[in-house]
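As provided, run-v1.tsv (TSV, N, CA and C atoms) reads as follows.
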```tsv
chain	number	residue	atom	x	y	z
A	1	MET	N	0.85	-1.18	0.00
A	1	MET	CA	0.00	0.00	0.00
A	1	MET	C	0.89	1.24	0.00
A	2	LYS	N	0.39	2.28	-0.60
A	2	LYS	CA	1.10	3.55	-0.65
A	2	LYS	C	0.38	4.56	0.23
A	3	ASN	N	1.07	5.01	1.31
A	3	ASN	CA	0.58	6.11	2.12
A	3	ASN	C	-0.77	5.82	2.77
A	4	VAL	N	-1.01	4.58	3.16
A	4	VAL	CA	-2.26	4.19	3.82
A	4	VAL	C	-1.90	3.43	5.09
A	5	LYS	N	-2.44	3.89	6.21
A	5	LYS	CA	-2.27	3.19	7.47
A	5	LYS	C	-3.66	2.85	8.00
A	6	MET	N	-3.86	1.58	8.35
A	6	MET	CA	-5.15	1.14	8.88
A	6	MET	C	-4.96	0.65	10.30
A	7	GLU	N	-5.94	0.98	11.15
A	7	GLU	CA	-5.91	0.54	12.53
A	7	GLU	C	-7.32	0.17	12.95
A	8	VAL	N	-7.47	-1.00	13.54
A	8	VAL	CA	-8.76	-1.45	14.04
A	8	VAL	C	-8.74	-1.35	15.55
A	9	ASN	N	-9.75	-0.67	16.09
A	9	ASN	CA	-9.90	-0.52	17.53
A	9	ASN	C	-11.34	-0.88	17.87
A	10	GLY	N	-11.55	-2.10	18.33
A	10	GLY	CA	-12.92	-2.58	18.55
A	10	GLY	C	-13.61	-2.74	17.21
A	11	ASP	N	-14.74	-2.06	17.05
A	11	ASP	CA	-15.50	-2.10	15.80
A	11	ASP	C	-15.21	-0.90	14.90
A	12	ILE	N	-14.17	-0.14	15.20
A	12	ILE	CA	-13.85	1.07	14.44
A	12	ILE	C	-12.58	0.87	13.63
A	13	LEU	N	-12.68	1.09	12.31
A	13	LEU	CA	-11.52	1.09	11.42
A	13	LEU	C	-11.12	2.53	11.18
A	14	THR	N	-9.87	2.86	11.49
A	14	THR	CA	-9.34	4.19	11.25
A	14	THR	C	-8.31	4.10	10.12
A	15	ILE	N	-8.50	4.92	9.09
A	15	ILE	CA	-7.59	4.97	7.95
A	15	ILE	C	-6.88	6.32	7.99
A	16	THR	N	-5.56	6.28	7.94
A	16	THR	CA	-4.77	7.51	7.96
A	16	THR	C	-4.04	7.66	6.64
A	17	VAL	N	-4.19	8.84	6.02
A	17	VAL	CA	-3.52	9.17	4.75
A	17	VAL	C	-2.88	10.54	4.91
A	18	ASP	N	-1.62	10.66	4.56
A	18	ASP	CA	-0.93	11.95	4.57
A	18	ASP	C	-1.24	12.65	3.26
A	19	LEU	N	-2.08	13.67	3.30
A	19	LEU	CA	-2.53	14.35	2.09
A	19	LEU	C	-1.44	15.21	1.44
A	20	SER	N	-0.30	15.36	2.09
A	20	SER	CA	0.78	16.16	1.50
A	20	SER	C	1.65	15.34	0.54
A	21	LYS	N	1.50	14.02	0.53
A	21	LYS	CA	2.34	13.17	-0.31
A	21	LYS	C	1.77	13.04	-1.71
A	22	ARG	N	2.66	12.79	-2.68
A	22	ARG	CA	2.28	12.61	-4.07
A	22	ARG	C	3.07	11.44	-4.65
A	23	TYR	N	2.41	10.62	-5.50
A	23	TYR	CA	3.04	9.45	-6.08
A	23	TYR	C	2.95	9.47	-7.61
A	24	GLY	N	2.92	10.65	-8.18
A	24	GLY	CA	2.91	10.77	-9.63
A	24	GLY	C	1.51	10.75	-10.20
A	25	LYS	N	1.46	10.96	-11.51
A	25	LYS	CA	0.17	11.03	-12.21
A	25	LYS	C	-0.43	9.65	-12.42
A	26	SER	N	-1.74	9.64	-12.52
A	26	SER	CA	-2.46	8.40	-12.84
A	26	SER	C	-2.16	8.02	-14.28
A	27	SER	N	-2.61	6.84	-14.68
A	27	SER	CA	-2.34	6.39	-16.06
A	27	SER	C	-2.97	7.30	-17.10
A	28	SER	N	-4.10	7.94	-16.76
A	28	SER	CA	-4.74	8.87	-17.70
A	28	SER	C	-4.05	10.23	-17.72
A	29	GLY	N	-3.27	10.51	-16.66
A	29	GLY	CA	-2.59	11.80	-16.55
A	29	GLY	C	-3.47	12.92	-16.04
A	30	LYS	N	-4.74	12.64	-15.75
A	30	LYS	CA	-5.67	13.67	-15.29
A	30	LYS	C	-5.59	13.91	-13.79
A	31	ASN	N	-5.07	12.93	-13.04
A	31	ASN	CA	-5.05	13.03	-11.58
A	31	ASN	C	-3.66	12.69	-11.06
A	32	VAL	N	-3.40	13.12	-9.82
A	32	VAL	CA	-2.16	12.79	-9.13
A	32	VAL	C	-2.53	11.89	-7.95
A	33	ILE	N	-1.84	10.77	-7.85
A	33	ILE	CA	-2.13	9.79	-6.81
A	33	ILE	C	-1.55	10.27	-5.48
A	34	VAL	N	-2.40	10.26	-4.44
A	34	VAL	CA	-2.00	10.65	-3.09
A	34	VAL	C	-1.81	9.40	-2.23
A	35	ALA	N	-2.70	8.42	-2.38
A	35	ALA	CA	-2.62	7.17	-1.61
A	35	ALA	C	-3.39	6.09	-2.35
A	36	SER	N	-2.98	4.84	-2.12
A	36	SER	CA	-3.68	3.73	-2.75
A	36	SER	C	-3.46	2.45	-1.97
A	37	SER	N	-4.51	1.66	-1.86
A	37	SER	CA	-4.35	0.33	-1.28
A	37	SER	C	-3.78	-0.63	-2.32
A	38	GLU	N	-3.68	-0.19	-3.56
A	38	GLU	CA	-3.16	-0.98	-4.68
A	38	GLU	C	-3.96	-2.27	-4.83
A	39	GLY	N	-5.25	-2.11	-4.97
A	39	GLY	CA	-6.16	-3.25	-5.07
A	39	GLY	C	-6.82	-3.52	-3.73
A	40	ASN	N	-7.63	-4.56	-3.68
A	40	ASN	CA	-8.32	-4.90	-2.44
A	40	ASN	C	-7.35	-5.55	-1.47
A	41	GLN	N	-7.39	-5.08	-0.23
A	41	GLN	CA	-6.50	-5.58	0.82
A	41	GLN	C	-7.33	-6.01	2.03
A	42	SER	N	-6.79	-6.92	2.80
A	42	SER	CA	-7.44	-7.34	4.04
A	42	SER	C	-7.29	-6.27	5.11
A	43	VAL	N	-8.36	-6.03	5.85
A	43	VAL	CA	-8.31	-5.14	7.00
A	43	VAL	C	-7.69	-5.97	8.14
A	44	PRO	N	-6.66	-5.45	8.80
A	44	PRO	CA	-5.96	-6.22	9.83
A	44	PRO	C	-6.91	-6.81	10.88
A	45	GLU	N	-6.67	-8.05	11.21
A	45	GLU	CA	-7.37	-8.74	12.29
A	45	GLU	C	-8.88	-8.88	12.07
A	46	THR	N	-9.34	-8.81	10.80
A	46	THR	CA	-10.76	-8.97	10.49
A	46	THR	C	-10.91	-9.81	9.23
A	47	ASP	N	-12.17	-10.11	8.90
A	47	ASP	CA	-12.48	-10.79	7.64
A	47	ASP	C	-12.88	-9.80	6.55
A	48	TYR	N	-12.75	-8.50	6.81
A	48	TYR	CA	-13.14	-7.46	5.87
A	48	TYR	C	-12.04	-7.19	4.85
A	49	LYS	N	-12.45	-6.65	3.71
A	49	LYS	CA	-11.52	-6.21	2.66
A	49	LYS	C	-11.78	-4.73	2.39
A	50	ILE	N	-10.75	-4.05	1.88
A	50	ILE	CA	-10.89	-2.63	1.54
A	50	ILE	C	-10.15	-2.35	0.24
A	51	GLY	N	-10.72	-1.46	-0.57
A	51	GLY	CA	-10.08	-0.93	-1.77
A	51	GLY	C	-10.14	0.58	-1.67
A	52	LEU	N	-9.00	1.24	-1.72
A	52	LEU	CA	-8.95	2.68	-1.47
A	52	LEU	C	-8.04	3.37	-2.47
A	53	ASN	N	-8.52	4.46	-3.04
A	53	ASN	CA	-7.72	5.36	-3.88
A	53	ASN	C	-8.01	6.78	-3.46
A	54	VAL	N	-6.96	7.54	-3.22
A	54	VAL	CA	-7.09	8.97	-2.91
A	54	VAL	C	-6.29	9.70	-3.97
A	55	TYR	N	-6.91	10.68	-4.61
A	55	TYR	CA	-6.21	11.41	-5.68
A	55	TYR	C	-6.73	12.84	-5.73
A	56	THR	N	-5.99	13.67	-6.44
A	56	THR	CA	-6.37	15.05	-6.65
A	56	THR	C	-6.16	15.38	-8.12
A	57	LYS	N	-6.84	16.38	-8.60
A	57	LYS	CA	-6.72	16.77	-10.00
A	57	LYS	C	-5.30	17.25	-10.29
A	58	ALA	N	-4.75	16.80	-11.40
A	58	ALA	CA	-3.40	17.22	-11.80
A	58	ALA	C	-3.44	18.66	-12.30
A	59	SER	N	-2.41	19.41	-11.99
A	59	SER	CA	-2.33	20.77	-12.49
A	59	SER	C	-2.07	20.72	-13.99
A	60	GLU	N	-2.62	21.68	-14.71
A	60	GLU	CA	-2.47	21.71	-16.16
A	60	GLU	C	-1.30	22.61	-16.53
A	61	GLU	N	-0.13	21.99	-16.65
A	61	GLU	CA	1.08	22.76	-16.96
A	61	GLU	C	1.51	22.52	-18.37
```
Kindly transcribe the structure held in the file into structure tokens.
Amino acid sequence: MKNVKMEVNGDILTITVDLSKRYGKSSSGKNVIVASSEGNQSVPETDYKIGLNVYTKASEE
């Protein structure tokens, strides 16, 4: 995973993403990737799965 931290506390899943990080443009070039689970991942210590993408619009330079 890129820039994704997951923590389970009881029945609460907390996902932490540092919004200041950047991992380059998406394949279309329209967005900049901030965080990604890079596909579906298991939530620690549970039977749940998660798929997460965080992105922002790419600047038009």
Subject >> Sphere at (-11.0, -7.1, 10.3), radius 10 Å, counting only C-alpha atoms: residues as a list of chain:residue names >> reply: A:Glu7, A:Val8, A:Asn9, A:Gly10, A:Asp11, A:Ile12, A:Leu13, A:Ser42, A:Val43, A:Pro44, A:Glu45, A:Thr46, A:Asp47, A:Tyr48, A:Lys49, A:Ile50
**OP:** Enumerate as a list of chain:residue names all residues of chain A assigned to strand (DSSP E) by DSSP on the backbone, naming them with the chain letters and numbers the document uses.
**Re:**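 Taking chain A and keeping strand (DSSP E) only, one gets A:Lys5, A:Met6, A:Glu7, A:Val8, A:Asn9, A:Ile12, A:Leu13, A:Thr14, A:Ile15, A:Thr16, A:Asn31, A:Val32, A:Ile33, A:Val34, A:Ala35, A:Ser36, A:Gln41, A:Ser42, A:Lys49, A:Ile50, A:Asn53, A:Val54, A:Tyr55, A:Thr56, A:Lys57.
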Only N, CA and C atoms, please: the residues just picked out, written as a CSV table (one decimal), keeping the file's coordinate frame.
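Result file is again38.csv:
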```csv
chain,number,residue,atom,x,y,z
A,5,LYS,N,-2.4,3.9,6.2
A,5,LYS,CA,-2.3,3.2,7.5
A,5,LYS,C,-3.7,2.8,8.0
A,6,MET,N,-3.9,1.6,8.4
A,6,MET,CA,-5.2,1.1,8.9
A,6,MET,C,-5.0,0.6,10.3
A,7,GLU,N,-5.9,1.0,11.2
A,7,GLU,CA,-5.9,0.5,12.5
A,7,GLU,C,-7.3,0.2,13.0
A,8,VAL,N,-7.5,-1.0,13.5
A,8,VAL,CA,-8.8,-1.4,14.0
A,8,VAL,C,-8.7,-1.4,15.6
A,9,ASN,N,-9.8,-0.7,16.1
A,9,ASN,CA,-9.9,-0.5,17.5
A,9,ASN,C,-11.3,-0.9,17.9
A,12,ILE,N,-14.2,-0.1,15.2
A,12,ILE,CA,-13.8,1.1,14.4
A,12,ILE,C,-12.6,0.9,13.6
A,13,LEU,N,-12.7,1.1,12.3
A,13,LEU,CA,-11.5,1.1,11.4
A,13,LEU,C,-11.1,2.5,11.2
A,14,THR,N,-9.9,2.9,11.5
A,14,THR,CA,-9.3,4.2,11.2
A,14,THR,C,-8.3,4.1,10.1
A,15,ILE,N,-8.5,4.9,9.1
A,15,ILE,CA,-7.6,5.0,8.0
A,15,ILE,C,-6.9,6.3,8.0
A,16,THR,N,-5.6,6.3,7.9
A,16,THR,CA,-4.8,7.5,8.0
A,16,THR,C,-4.0,7.7,6.6
A,31,ASN,N,-5.1,12.9,-13.0
A,31,ASN,CA,-5.0,13.0,-11.6
A,31,ASN,C,-3.7,12.7,-11.1
A,32,VAL,N,-3.4,13.1,-9.8
A,32,VAL,CA,-2.2,12.8,-9.1
A,32,VAL,C,-2.5,11.9,-8.0
A,33,ILE,N,-1.8,10.8,-7.8
A,33,ILE,CA,-2.1,9.8,-6.8
A,33,ILE,C,-1.6,10.3,-5.5
A,34,VAL,N,-2.4,10.3,-4.4
A,34,VAL,CA,-2.0,10.6,-3.1
A,34,VAL,C,-1.8,9.4,-2.2
A,35,ALA,N,-2.7,8.4,-2.4
A,35,ALA,CA,-2.6,7.2,-1.6
A,35,ALA,C,-3.4,6.1,-2.4
A,36,SER,N,-3.0,4.8,-2.1
A,36,SER,CA,-3.7,3.7,-2.8
A,36,SER,C,-3.5,2.4,-2.0
A,41,GLN,N,-7.4,-5.1,-0.2
A,41,GLN,CA,-6.5,-5.6,0.8
A,41,GLN,C,-7.3,-6.0,2.0
A,42,SER,N,-6.8,-6.9,2.8
A,42,SER,CA,-7.4,-7.3,4.0
A,42,SER,C,-7.3,-6.3,5.1
A,49,LYS,N,-12.4,-6.6,3.7
A,49,LYS,CA,-11.5,-6.2,2.7
A,49,LYS,C,-11.8,-4.7,2.4
A,50,ILE,N,-10.8,-4.0,1.9
A,50,ILE,CA,-10.9,-2.6,1.5
A,50,ILE,C,-10.2,-2.4,0.2
A,53,ASN,N,-8.5,4.5,-3.0
A,53,ASN,CA,-7.7,5.4,-3.9
A,53,ASN,C,-8.0,6.8,-3.5
A,54,VAL,N,-7.0,7.5,-3.2
A,54,VAL,CA,-7.1,9.0,-2.9
A,54,VAL,C,-6.3,9.7,-4.0
A,55,TYR,N,-6.9,10.7,-4.6
A,55,TYR,CA,-6.2,11.4,-5.7
A,55,TYR,C,-6.7,12.8,-5.7
A,56,THR,N,-6.0,13.7,-6.4
A,56,THR,CA,-6.4,15.0,-6.6
A,56,THR,C,-6.2,15.4,-8.1
A,57,LYS,N,-6.8,16.4,-8.6
A,57,LYS,CA,-6.7,16.8,-10.0
A,57,LYS,C,-5.3,17.2,-10.3
```
Subject >> For A:Lys30, the nearest of the candidates A:Val54, A:Asn3, A:Thr16, A:Ser59, counting only C-alpha atoms >> reply: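 For A:Lys30, the nearest of the candidates is A:Ser59.
A distance cut-off of 6 Å around (-5.7, 13.3, -7.0), counting all atoms listed in the file, selects these protein and nucleic acid residues: A:Asn31, A:Val32, A:Ile33, A:Val34, A:Val54, A:Tyr55, A:Thr56, A:Lys57, A:Ala58.
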Using all atoms of stretch 28-47 of chain A that appear in the file, construct an axis-aligned enclosing box with 8 Å of padding on every side and provide its centre coordinates and edge lengths in Å, rounded to one decimal, as AutoDock Vina command-line options.
```
--center_x -7.2 --center_y 1.6 --center_z -2.7 --size_x 27.3 --size_y 40.7 --size_z 46.0
```
**OP:** Go ahead and compute the interatomic distance for atom N of A:Ser37 and atom C of A:Val17, in Å to one decimal.
**Re:**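 That distance, rounded to one decimal, is 11.3 Å.
Going from atom CA of A:Ile15 to atom CA of A:Ser27 covers 24.6 Å.
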Original post:
Which of these residues is nearest to A:Met1, using only N, CA and C atoms: A:Thr14, A:Arg22, A:Glu38, A:Leu52?
Top reply: A:Glu38
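If you look at atom CA of A:Gly29 and atom CA of A:Gln41, they are 24.9 Å away from each other.
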